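J.: mmCIF, C-alpha atoms and all ligand atoms, saved as structure_39.cif, coming up:
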data_model
#
loop_
_atom_site.label_atom_id
_atom_site.label_comp_id
_atom_site.auth_asym_id
_atom_site.auth_seq_id
_atom_site.Cartn_x
_atom_site.Cartn_y
_atom_site.Cartn_z
CA MET A 22 16.74 -1.70 22.26
CA PHE A 23 14.41 0.78 20.60
CA GLU A 24 12.64 3.87 21.97
CA SER A 25 10.58 3.33 25.06
CA ALA A 26 7.24 4.91 25.68
CA ILE A 27 8.70 7.64 27.84
CA ASP A 28 8.62 11.12 26.37
CA LYS A 29 11.53 13.60 26.56
CA LYS A 30 10.40 14.97 29.93
CA GLY A 31 10.47 11.46 31.35
CA LYS A 32 6.70 11.35 31.66
CA LYS A 33 4.99 8.06 30.88
CA LYS A 34 2.75 8.60 27.89
CA ASP A 35 -0.50 7.02 26.87
CA ILE A 36 0.57 4.49 24.33
CA LEU A 37 -1.84 2.84 22.05
CA GLU A 38 -3.08 -0.35 23.61
CA VAL A 39 -3.25 -3.03 20.98
CA THR A 40 -5.79 -5.67 21.82
CA MET A 41 -4.40 -9.13 21.41
CA THR A 42 -6.13 -10.98 18.63
CA ASP A 43 -5.88 -14.39 17.06
CA PHE A 44 -4.52 -12.77 13.96
CA HIS A 45 -1.05 -14.04 13.06
CA LEU A 46 0.96 -13.53 9.91
CA PRO A 47 3.02 -16.30 8.35
CA ILE A 48 6.77 -16.18 9.09
CA ILE A 49 9.36 -16.99 6.45
CA ASP A 50 12.85 -17.77 7.70
CA LEU A 51 14.99 -16.67 4.76
CA SER A 52 18.09 -18.35 6.22
CA LYS A 53 16.43 -21.65 5.24
CA SER A 54 16.14 -20.74 1.57
CA LYS A 55 18.95 -23.12 0.55
CA THR A 56 17.80 -26.06 2.64
CA HIS A 57 14.00 -25.76 2.60
CA ARG A 58 13.39 -24.20 -0.79
CA ASP A 59 10.13 -25.94 -1.64
CA GLU A 60 8.63 -25.37 1.79
CA LEU A 61 9.44 -21.63 1.74
CA SER A 62 8.13 -21.33 -1.82
CA ARG A 63 4.82 -22.87 -0.80
CA GLN A 64 4.49 -20.67 2.29
CA LEU A 65 5.20 -17.53 0.29
CA VAL A 66 2.71 -18.30 -2.46
CA ASN A 67 0.08 -19.24 0.08
CA ALA A 68 0.57 -15.94 1.95
CA LEU A 69 0.44 -13.87 -1.24
CA GLU A 70 -2.73 -15.59 -2.40
CA THR A 71 -4.50 -14.97 0.91
CA VAL A 72 -3.51 -12.32 3.44
CA GLY A 73 -0.90 -10.59 1.26
CA PHE A 74 1.32 -9.85 4.29
CA LEU A 75 3.97 -11.86 6.11
CA TYR A 76 7.15 -11.58 8.17
CA ILE A 77 10.58 -12.22 6.70
CA ASP A 78 13.15 -13.28 9.31
CA ASN A 79 16.91 -13.54 8.94
CA VAL A 80 17.58 -11.23 6.02
CA GLU A 81 21.32 -11.39 5.49
CA GLY A 82 23.03 -8.05 6.06
CA ALA A 83 20.00 -6.36 7.63
CA ASP A 84 21.04 -4.24 10.60
CA PHE A 85 17.92 -2.94 12.33
CA GLU A 86 19.77 -1.32 15.21
CA LYS A 87 21.98 0.76 12.91
CA MET A 88 19.03 1.70 10.73
CA PHE A 89 17.09 2.81 13.77
CA GLN A 90 19.94 4.94 15.12
CA CYS A 91 20.60 6.56 11.75
CA SER A 92 16.94 7.23 11.12
CA LYS A 93 16.49 8.82 14.51
CA TRP A 94 19.68 10.84 14.00
CA PHE A 95 18.33 12.26 10.75
CA PHE A 96 14.86 13.13 12.02
CA ASP A 97 16.39 14.79 15.11
CA GLN A 98 18.38 17.19 12.89
CA PRO A 99 17.37 20.84 13.05
CA ASN A 100 15.05 22.08 10.36
CA GLU A 101 17.78 24.03 8.54
CA ILE A 102 19.70 20.79 7.91
CA LYS A 103 16.57 19.01 6.70
CA ARG A 104 15.69 21.97 4.47
CA LYS A 105 18.94 21.45 2.56
CA VAL A 106 17.72 18.06 1.36
CA MET A 107 14.05 18.94 1.16
CA ARG A 108 12.27 18.38 -2.12
CA ASN A 109 11.83 21.35 -4.42
CA TYR A 110 8.05 21.26 -3.83
CA TRP A 111 8.62 22.43 -0.24
CA ASN A 112 11.94 24.23 -0.68
CA PRO A 113 12.21 25.94 -4.10
CA GLU A 114 15.93 26.63 -3.44
CA ASN A 115 16.61 22.94 -4.08
CA THR A 116 16.56 21.14 -7.41
CA ASN A 117 15.66 17.64 -6.15
CA LEU A 118 12.12 16.80 -7.21
CA TYR A 119 11.78 13.19 -6.08
CA ARG A 120 14.56 12.07 -3.75
CA GLY A 121 15.36 13.55 -0.35
CA TYR A 122 13.23 14.83 2.50
CA PHE A 123 9.58 15.70 2.76
CA PRO A 124 8.26 17.36 5.89
CA VAL A 125 5.27 16.92 8.15
CA VAL A 126 2.41 18.83 6.60
CA GLU A 127 0.01 20.15 9.18
CA ASP A 128 -3.68 19.89 8.23
CA TYR A 129 -2.93 16.83 6.13
CA PRO A 130 -4.51 13.51 7.14
CA ASN A 131 -1.09 11.84 7.32
CA HIS A 132 1.30 12.92 10.03
CA ASN A 133 4.76 11.90 8.94
CA GLU A 134 8.09 13.12 7.62
CA CYS A 135 10.19 10.97 5.30
CA PHE A 136 13.59 10.68 3.68
CA GLU A 137 13.73 8.74 0.43
CA PHE A 138 16.58 7.60 -1.75
CA GLY A 139 17.28 5.30 -4.67
CA ARG A 140 20.29 3.55 -6.14
CA ASP A 141 22.44 5.94 -8.19
CA ILE A 142 22.76 5.21 -11.88
CA SER A 143 26.07 5.74 -13.65
CA ASP A 144 27.02 9.30 -14.65
CA ASP A 145 27.81 8.06 -18.17
CA ASP A 146 24.40 6.53 -18.73
CA LYS A 147 23.72 7.78 -22.25
CA ASP A 148 20.11 6.56 -22.30
CA ASN A 149 19.09 8.58 -19.31
CA ASN A 150 16.68 11.46 -19.89
CA PRO A 151 17.75 14.22 -17.46
CA GLU A 152 14.08 15.07 -16.89
CA ASN A 153 13.40 11.56 -15.66
CA TRP A 154 13.17 12.17 -11.92
CA PHE A 155 12.93 8.41 -11.19
CA TYR A 156 16.72 8.33 -11.64
CA GLU A 157 17.44 11.59 -9.87
CA ARG A 158 20.51 11.65 -7.59
CA THR A 159 19.69 11.66 -3.89
CA PRO A 160 20.77 14.73 -1.92
CA TRP A 161 22.28 13.33 1.28
CA PRO A 162 22.43 15.27 4.55
CA LYS A 163 25.73 16.45 5.97
CA GLU A 164 26.89 13.84 8.46
CA ASP A 165 28.69 14.04 11.77
CA THR A 166 31.25 11.49 12.85
CA LYS A 167 28.82 9.43 14.91
CA PHE A 168 26.43 8.25 12.24
CA ALA A 169 27.36 7.07 8.76
CA PHE A 170 23.83 7.72 7.57
CA LYS A 171 24.39 7.35 3.83
CA ASP A 172 26.67 4.35 4.07
CA VAL A 173 24.40 2.49 6.51
CA TYR A 174 21.26 3.05 4.48
CA GLN A 175 22.86 2.32 1.11
CA ASN A 176 24.03 -1.01 2.53
CA GLN A 177 20.54 -1.71 3.84
CA TYR A 178 19.11 -0.95 0.40
CA GLU A 179 21.39 -3.58 -1.15
CA ALA A 180 20.60 -6.14 1.58
CA ALA A 181 16.86 -5.59 1.05
CA HIS A 182 17.23 -5.74 -2.74
CA THR A 183 19.13 -9.05 -2.53
CA ALA A 184 16.51 -10.48 -0.15
CA ALA A 185 13.70 -9.33 -2.45
CA MET A 186 15.33 -11.09 -5.42
CA GLU A 187 15.60 -14.32 -3.43
CA ILE A 188 11.97 -13.99 -2.35
CA LEU A 189 10.92 -13.51 -6.00
CA ARG A 190 12.87 -16.62 -7.02
CA LEU A 191 11.07 -18.59 -4.33
CA VAL A 192 7.68 -17.22 -5.37
CA ALA A 193 8.33 -18.10 -9.03
CA ARG A 194 9.34 -21.61 -7.97
CA GLY A 195 6.18 -21.85 -5.87
CA VAL A 196 3.95 -21.23 -8.90
CA GLY A 197 5.90 -23.70 -11.04
CA LEU A 198 7.89 -21.16 -13.06
CA GLY A 199 11.61 -20.81 -13.66
CA GLU A 200 13.21 -19.09 -10.68
CA GLU A 201 14.48 -16.16 -12.75
CA THR A 202 11.05 -15.35 -14.23
CA PHE A 203 10.26 -12.38 -11.95
CA VAL A 204 13.72 -10.99 -11.25
CA GLU A 205 14.64 -9.83 -14.76
CA MET A 206 12.76 -6.54 -14.40
CA PHE A 207 14.96 -5.58 -11.47
CA THR A 208 18.46 -6.36 -12.71
CA ASP A 209 19.17 -3.27 -14.77
CA LYS A 210 18.47 0.11 -13.14
CA PRO A 211 15.60 -0.69 -10.78
CA CYS A 212 13.66 2.41 -9.67
CA SER A 213 13.28 1.07 -6.11
CA THR A 214 12.94 3.54 -3.27
CA PHE A 215 14.15 3.20 0.28
CA ARG A 216 11.99 5.32 2.56
CA MET A 217 12.56 6.07 6.20
CA THR A 218 9.60 7.55 8.04
CA HIS A 219 9.05 9.31 11.33
CA TYR A 220 5.51 9.66 12.65
CA PRO A 221 5.48 12.27 15.41
CA PRO A 222 2.56 11.74 17.78
CA TRP A 223 -0.36 14.11 17.47
CA ASN A 224 -0.80 14.12 21.23
CA ASP A 225 -4.16 15.59 22.05
CA THR A 226 -4.48 17.81 19.02
CA PRO A 227 -4.83 15.84 15.79
CA SER A 228 -5.23 17.83 12.61
CA PRO A 229 -8.86 18.68 11.80
CA ASN A 230 -8.38 16.47 8.74
CA ALA A 231 -7.05 13.51 10.70
CA ILE A 232 -8.88 10.27 10.20
CA ILE A 233 -10.32 8.91 13.44
CA THR A 234 -11.27 5.25 13.66
CA ASP A 235 -14.68 4.08 14.89
CA ASP A 236 -13.11 3.34 18.25
CA GLY A 237 -11.52 6.79 18.54
CA LYS A 238 -7.92 6.14 17.46
CA CYS A 239 -6.03 8.56 15.19
CA VAL A 240 -4.73 7.27 11.88
CA THR A 241 -1.25 8.66 11.14
CA LEU A 242 -0.85 7.04 7.68
CA SER A 243 -4.16 6.63 5.94
CA GLN A 244 -5.30 3.37 4.46
CA HIS A 245 -3.69 2.47 1.16
CA THR A 246 -2.28 -0.29 -0.95
CA ASP A 247 1.34 0.13 -1.97
CA THR A 248 1.71 1.07 -5.63
CA ASN A 249 5.06 -0.62 -6.24
CA PHE A 250 5.88 -4.31 -6.75
CA LEU A 251 6.92 -5.64 -3.35
CA THR A 252 7.65 -3.96 -0.01
CA LEU A 253 9.87 -4.92 2.92
CA VAL A 254 9.22 -2.72 5.95
CA CYS A 255 11.10 -2.67 9.20
CA THR A 256 8.72 -1.41 11.90
CA PHE A 257 11.46 -1.49 14.56
CA ALA A 258 9.00 -3.56 16.58
CA TYR A 259 6.61 -0.66 17.00
CA GLN A 260 2.91 -1.26 17.06
CA GLY A 261 0.51 0.72 14.92
CA LEU A 262 0.55 -1.05 11.55
CA GLU A 263 -2.82 -2.60 10.74
CA ILE A 264 -4.08 -4.54 7.77
CA LEU A 265 -7.59 -4.86 6.46
CA GLY A 266 -9.02 -8.34 6.52
CA ALA A 267 -11.40 -9.77 3.91
CA ASP A 268 -14.21 -9.47 6.50
CA GLY A 269 -13.65 -5.70 6.78
CA SER A 270 -11.94 -5.83 10.17
CA TRP A 271 -8.61 -4.15 10.94
CA ASN A 272 -5.93 -6.48 12.25
CA PRO A 273 -2.82 -5.30 14.08
CA VAL A 274 0.54 -6.50 12.78
CA ALA A 275 2.20 -7.68 15.96
CA PRO A 276 5.65 -6.18 16.55
CA ARG A 277 8.38 -8.66 15.67
CA LYS A 278 11.98 -7.76 16.41
CA ASN A 279 14.63 -8.10 13.70
CA SER A 280 12.11 -9.05 11.06
CA PHE A 281 10.78 -7.32 7.97
CA VAL A 282 7.08 -7.09 7.30
CA MET A 283 6.56 -7.97 3.67
CA ASN A 284 3.62 -7.16 1.44
CA ILE A 285 3.05 -6.72 -2.24
CA GLY A 286 1.87 -3.64 -4.08
CA ASP A 287 -0.65 -3.01 -6.86
CA LEU A 288 1.91 -3.74 -9.55
CA PHE A 289 2.64 -7.34 -8.53
CA ALA A 290 -1.12 -7.92 -8.06
CA LYS A 291 -1.82 -6.53 -11.53
CA MET A 292 0.97 -8.54 -13.13
CA THR A 293 -0.45 -11.76 -11.68
CA ASN A 294 -3.97 -10.81 -12.73
CA GLY A 295 -5.05 -10.54 -9.10
CA ARG A 296 -3.81 -13.97 -8.01
CA PHE A 297 -1.50 -12.27 -5.49
CA LYS A 298 -3.12 -9.75 -3.17
CA ALA A 299 -2.13 -6.14 -2.56
CA THR A 300 -3.68 -5.70 0.88
CA ILE A 301 -4.95 -2.41 2.29
CA HIS A 302 -3.09 -1.24 5.38
CA ARG A 303 -2.72 1.85 7.57
CA VAL A 304 -0.74 3.10 10.54
CA LEU A 305 -2.25 4.35 13.81
CA ASP A 306 -0.83 7.11 15.96
CA ILE A 307 0.69 5.20 18.88
CA GLY A 308 1.07 8.22 21.15
CA VAL A 309 4.89 8.29 20.95
CA ASP A 310 7.31 8.93 18.09
CA ARG A 311 7.20 6.02 15.70
CA TYR A 312 9.86 5.16 13.11
CA SER A 313 9.85 2.73 10.22
CA SER A 314 12.12 2.06 7.26
CA GLY A 315 10.88 0.42 4.11
CA PHE A 316 12.31 -0.85 0.85
CA PHE A 317 9.87 -0.42 -2.03
CA LEU A 318 10.92 -2.67 -4.88
CA GLU A 319 10.26 -1.19 -8.33
CA PRO A 320 11.32 -2.39 -11.78
CA SER A 321 13.40 -0.38 -14.20
CA TYR A 322 11.66 2.53 -15.89
CA GLU A 323 11.56 0.76 -19.26
CA SER A 324 10.29 -2.61 -17.95
CA ASP A 325 7.17 -3.92 -19.62
CA VAL A 326 4.55 -4.14 -16.88
CA GLY A 327 1.77 -4.97 -19.34
CA ILE A 328 2.61 -8.67 -19.22
CA ASN A 329 1.02 -11.30 -17.01
CA LEU A 330 4.01 -12.79 -15.20
CA LEU A 331 2.25 -16.10 -14.71
CA SER A 332 1.63 -16.70 -18.39
CA LYS A 333 4.23 -14.52 -20.03
CA SER A 334 5.75 -17.23 -22.20
CA GLU A 335 2.38 -17.94 -23.89
CA ASP A 336 1.15 -14.40 -24.13
CA SER A 337 2.71 -12.64 -27.10
CA LYS A 338 -0.38 -10.50 -27.83
CA HIS A 339 -0.33 -8.48 -24.65
CA ILE A 340 -0.36 -4.67 -24.74
CA PRO A 341 3.07 -3.44 -23.67
CA GLU A 342 3.17 -0.78 -20.97
CA LYS A 343 6.31 0.85 -19.57
CA TYR A 344 6.71 0.91 -15.81
CA GLY A 345 7.56 4.64 -15.57
CA PRO A 346 4.40 5.99 -17.22
CA TYR A 347 2.32 3.33 -15.43
CA MET A 348 3.61 4.62 -12.09
CA ILE A 349 3.12 8.29 -13.01
CA ASN A 350 -0.43 7.52 -14.04
CA ALA A 351 -1.18 5.48 -10.92
CA THR A 352 0.21 7.99 -8.45
CA LYS A 353 -0.76 11.28 -10.12
CA TYR A 354 -4.04 10.51 -11.84
CA VAL A 355 -5.57 7.33 -10.48
CA LYS A 356 -4.89 7.31 -6.76
CA GLN A 357 -4.93 11.14 -6.71
CA HIS A 358 -4.28 11.63 -3.00
CA TYR A 359 -0.53 11.27 -2.74
CA LEU A 360 0.82 14.61 -1.63
CA GLU A 361 4.36 13.38 -2.22
CA TYR A 362 3.67 12.96 -5.94
CA GLU A 363 1.70 16.13 -6.53
CA GLY A 364 4.57 18.36 -7.55
CA LEU A 365 6.27 15.83 -9.79
CA PRO A 366 6.27 16.85 -13.46
CA ASP A 367 4.52 14.59 -15.92
CA PHE A 368 7.58 14.64 -18.19
CA GLU A 369 6.20 11.80 -20.34
CA ASN A 370 2.88 13.58 -20.88
CA VAL A 371 1.15 10.56 -19.46
CA ARG A 372 -2.04 12.49 -18.90
CA GLU A 373 -2.44 13.18 -22.62
CA LYS A 374 -1.31 9.68 -23.66
CA TYR A 375 -3.60 7.84 -21.27
CA TYR A 376 -6.63 10.07 -21.35
CA GLY A 377 -6.46 11.94 -24.65
CA LYS A 378 -9.41 14.25 -25.09
CA ASN A 379 -10.93 13.24 -21.76
CA LYS A 380 -8.00 14.60 -19.86
CA ASP A 381 -9.85 17.73 -18.71
CA GLU A 382 -12.26 15.55 -16.80
CA LEU A 383 -9.44 14.50 -14.50
CA LEU A 384 -9.35 16.29 -11.20
CA ASN A 385 -5.62 16.69 -11.26
O1 LIG B 1 5.24 2.53 8.86
C1 LIG B 1 4.79 1.42 8.59
O2 LIG B 1 4.74 0.51 9.42
C2 LIG B 1 4.21 1.14 7.22
C3 LIG B 1 4.46 2.20 6.21
C4 LIG B 1 3.73 2.02 4.93
O3 LIG B 1 2.77 1.30 4.82
C5 LIG B 1 4.20 2.74 3.72
O4 LIG B 1 5.09 3.62 3.83
O5 LIG B 1 3.67 2.45 2.62
FE FE B 2 2.30 0.91 2.72
#
Could I get this structure in the form of structure tokens?
T.:
Amino acid sequence: MFESAIDKKGKKKDILEVTMTDFHLPIIDLSKSKTHRDELSRQLVNALETVGFLYIDNVEGADFEKMFQCSKWFFDQPNEIKRKVMRNYWNPENTNLYRGYFPVVEDYPNHNECFEFGRDISDDDKDNNPENWFYERTPWPKEDTKFAFKDVYQNQYEAAHTAAMEILRLVARGVGLGEETFVEMFTDKPCSTFRMTHYPPWNDTPSPNAIITDDGKCVTLSQHTDTNFLTLVCTFAYQGLEILGADGSWNPVAPRKNSFVMNIGDLFAKMTNGRFKATIHRVLDIGVDRYSSGFFLEPSYESDVGINLLSKSEDSKHIPEKYGPYMINATKYVKQHYLEYEGLPDFENVREKYYGKNKDELLN
């Protein structure tokens, strides 16, 4: 179904050998959400309180084969086509700051290229600040007749969004709250990003800045927690994704066909006061091209992320915080190492608002 471990010259390559472990993630069969609601709710809450990662099977409308073909089609395009949709940071001829393509950057610890898009907001949206790059229009690549890249991926975005809403209803039910408690932040103009990634193998010459594990493997996406609310990643059954256990050991996420790997990001963890876990993970270089496609659920720019979702009805004295500035702060000034956010303007002057006089002490 997906790429085999044979390179273009037909030579068998050294693929990463993943040692079999006893580590297994919980599996949620979303097709049972009508019939086994309580059971799924319990499983979800249990996974989020412990390992923070799980598989989601049977997402309605998900088409992994089409996604894989379209993703591969895009990353196989010649550089001049990719340059047309490249972010302004790497191609100053373009105006897109946030959406679109970002290239492999040699000498950077991560070795990947990505294409990112969001859901378009209406042209007549009077409230929209044109400087707000969260709602920027995506520049789409010119298509040929074989692959309906934009159409396929926009449909996959909606399928993943719908699945994420159902998952959030189940999670709310599982902690004894009304099922709509978590979904409100995502109904009007969510900032969610769909990101497709290609990790070309380093072969025998990793960048001097590449991170090498204790047992000599190359890391192609360095360890991180996701910053957003909830993530659904399709790994196209490739190996390479690993998650950090509480005992400090790295555990491989076993490939699982036609299933999303789900985890939560810092935002959901923060909004549940740490009850749900945003787990550290990374991706290893597997010695052949690796592809993944992930849906990163994010609330609307104006959503109040200062509330504790688990006690929001009782907590009227909380300090409100808008999602947009929270995210700018997290990615530009707190986490500091995200190349893909470096060139994004701080159009809200978050640095001044959050750090006031101490702002010069910030590295960035
Ligand atoms: O490629 C993968 O399997 C995971 C990607 C990931 O963790 C991310 O993009 O945040
Ligand atoms: Fe991640």
J.: Which residues are near ligand LIG 1 (chain B) - at most 7 Å, using all atoms listed in the file? Format: as a list in words.
T.: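 The neighbouring residues of ligand LIG 1 (chain B) are, in order, Thr218, Asp247, Val254, Thr256, Gly261, Leu262, His302, Arg303, Val304, Tyr312, Ser313 and Gly315 of chain A.
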J.: As a quick test: using only C-alpha atoms and all ligand atoms, which residues lie no more than 10 Å away from ligand FE 2 (chain B)? Give them as a PyMOL selection string.
T.: chain A and resi 242-249+252-254+262+264+283-286+299-304+315+317
J.: Keeping only C-alpha atoms, write those residues as a compact mmCIF listing (two decimals), in the frame of the given file.
T.:
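And here is the file that came out, result.txt:
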# COMPACT_ATOMS: atom_id res chain seq x y z
CA LEU A 242 -0.85 7.04 7.68
CA SER A 243 -4.16 6.63 5.94
CA GLN A 244 -5.30 3.37 4.46
CA HIS A 245 -3.69 2.47 1.16
CA THR A 246 -2.28 -0.29 -0.95
CA ASP A 247 1.34 0.13 -1.97
CA THR A 248 1.71 1.07 -5.63
CA ASN A 249 5.06 -0.62 -6.24
CA THR A 252 7.65 -3.96 -0.01
CA LEU A 253 9.87 -4.92 2.92
CA VAL A 254 9.22 -2.72 5.95
CA LEU A 262 0.55 -1.05 11.55
CA ILE A 264 -4.08 -4.54 7.77
CA MET A 283 6.56 -7.97 3.67
CA ASN A 284 3.62 -7.16 1.44
CA ILE A 285 3.05 -6.72 -2.24
CA GLY A 286 1.87 -3.64 -4.08
CA ALA A 299 -2.13 -6.14 -2.56
CA THR A 300 -3.68 -5.70 0.88
CA ILE A 301 -4.95 -2.41 2.29
CA HIS A 302 -3.09 -1.24 5.38
CA ARG A 303 -2.72 1.85 7.57
CA VAL A 304 -0.74 3.10 10.54
CA GLY A 315 10.88 0.42 4.11
CA PHE A 317 9.87 -0.42 -2.03
J.: Nearest to A:Pro222 among A:Ile142, A:Ile49, A:Ile307, A:Val204, with distances taken over all atoms listed in the file: which residue is it?
T.: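 Counting all atoms listed in the file, the residue closest to A:Pro222 is A:Ile307.
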J.: Pick from A:Tyr376, A:Trp94, A:Tyr322, A:Phe316: nearest to A:Gln175, with only C-alpha atoms counted?
T.: A:Phe316
J.: Excluding A:Trp154 and residues on its chain fewer than 4 positions from it, collect all residues at most 9 Å away from it, counting all atoms listed in the file, and give them as a ChimeraX atom specification.
T.: /A:117-120,150,158,365-366,368
J.: Kindly indicate which residue among A:Arg58, A:Arg190, A:Lys93, A:His182 lies nearest to A:Lys210, using all atoms listed in the file for the distances.
T.: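 Residue with the minimum atom-to-atom distance to A:Lys210: A:His182.
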J.: Compile the contact shell of A:Glu323 as a PyMOL selection string: residues with an atom at most 7 Å away, counting only C-alpha atoms, same-chain residues fewer than 4 positions apart removed.
T.: chain A and resi 343-345
J.: Env of A:Pro124: 10 Å cut, atoms = all atoms listed in the file, seq-sep filter 4 positions within chain, self excluded. Answer as a list in words.
T.: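 Listing them by chain and then by number gives Phe96, Asn100, Lys103, Arg104, Met107, Arg108, Trp111, His132, Asn133, Glu134, Cys135, Phe136, His219 and Glu361 of chain A.
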J.: Which residue is closest to A:Ser324? Choose from A:Glu60, A:Asp145, A:Asp209, A:Glu127 and count all atoms listed in the file.
T.: A:Asp209
J.: Have a look at atom CA of A:Tyr129 and atom CA of A:Asn224 and let me know their distance in Å, one decimal.
T.: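 Between these atoms lies a distance of 15.5 Å.
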J.: Give me the stretch 178-237 of chain A side of the contact with stretch 70-83 of chain A, cut-off 10 Å, one line per residue showing its nearest atom pair and distance in Å at one decimal, counting all atoms listed in the file, sorted by chain and residue number, as JSON lines.
T.:
{"residue": "A:Tyr178", "atom": "CA", "partner": "A:Ala83", "partner_atom": "CA", "distance": 9.1}
{"residue": "A:Glu179", "atom": "CA", "partner": "A:Gly82", "partner_atom": "CA", "distance": 8.6}
{"residue": "A:Ala180", "atom": "CA", "partner": "A:Gly82", "partner_atom": "CA", "distance": 5.4}
{"residue": "A:Ala181", "atom": "CA", "partner": "A:Ala83", "partner_atom": "CA", "distance": 7.3}
{"residue": "A:Thr183", "atom": "CA", "partner": "A:Glu81", "partner_atom": "CA", "distance": 8.6}
{"residue": "A:Ala184", "atom": "CA", "partner": "A:Val80", "partner_atom": "CA", "distance": 6.3}
{"residue": "A:Ala185", "atom": "CA", "partner": "A:Val80", "partner_atom": "CA", "distance": 9.5}
{"residue": "A:Ile188", "atom": "CA", "partner": "A:Ile77", "partner_atom": "CA", "distance": 9.3}
J.: What does the file look like for those residues with C-alpha atoms, as a compact mmCIF listing (two decimals), in the frame of the given file?
T.:
# COMPACT_ATOMS: atom_id res chain seq x y z
CA TYR A 178 19.11 -0.95 0.40
CA GLU A 179 21.39 -3.58 -1.15
CA ALA A 180 20.60 -6.14 1.58
CA ALA A 181 16.86 -5.59 1.05
CA THR A 183 19.13 -9.05 -2.53
CA ALA A 184 16.51 -10.48 -0.15
CA ALA A 185 13.70 -9.33 -2.45
CA ILE A 188 11.97 -13.99 -2.35
J.: Nearest to A:Glu363: which of A:Gln98, A:Asn109, A:Ser92, A:Gln64 is it, counting all atoms listed in the file?
T.: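 Between A:Gln98, A:Asn109, A:Ser92, A:Gln64, the residue approaching A:Glu363 most closely is A:Asn109.
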J.: As a PyMOL selection string, please: the residues near A:Ser213 (cut-off 8 Å, all atoms listed in the file, same-chain neighbours under 2 positions excluded).
T.: chain A and resi 139-140+211+215+316-320
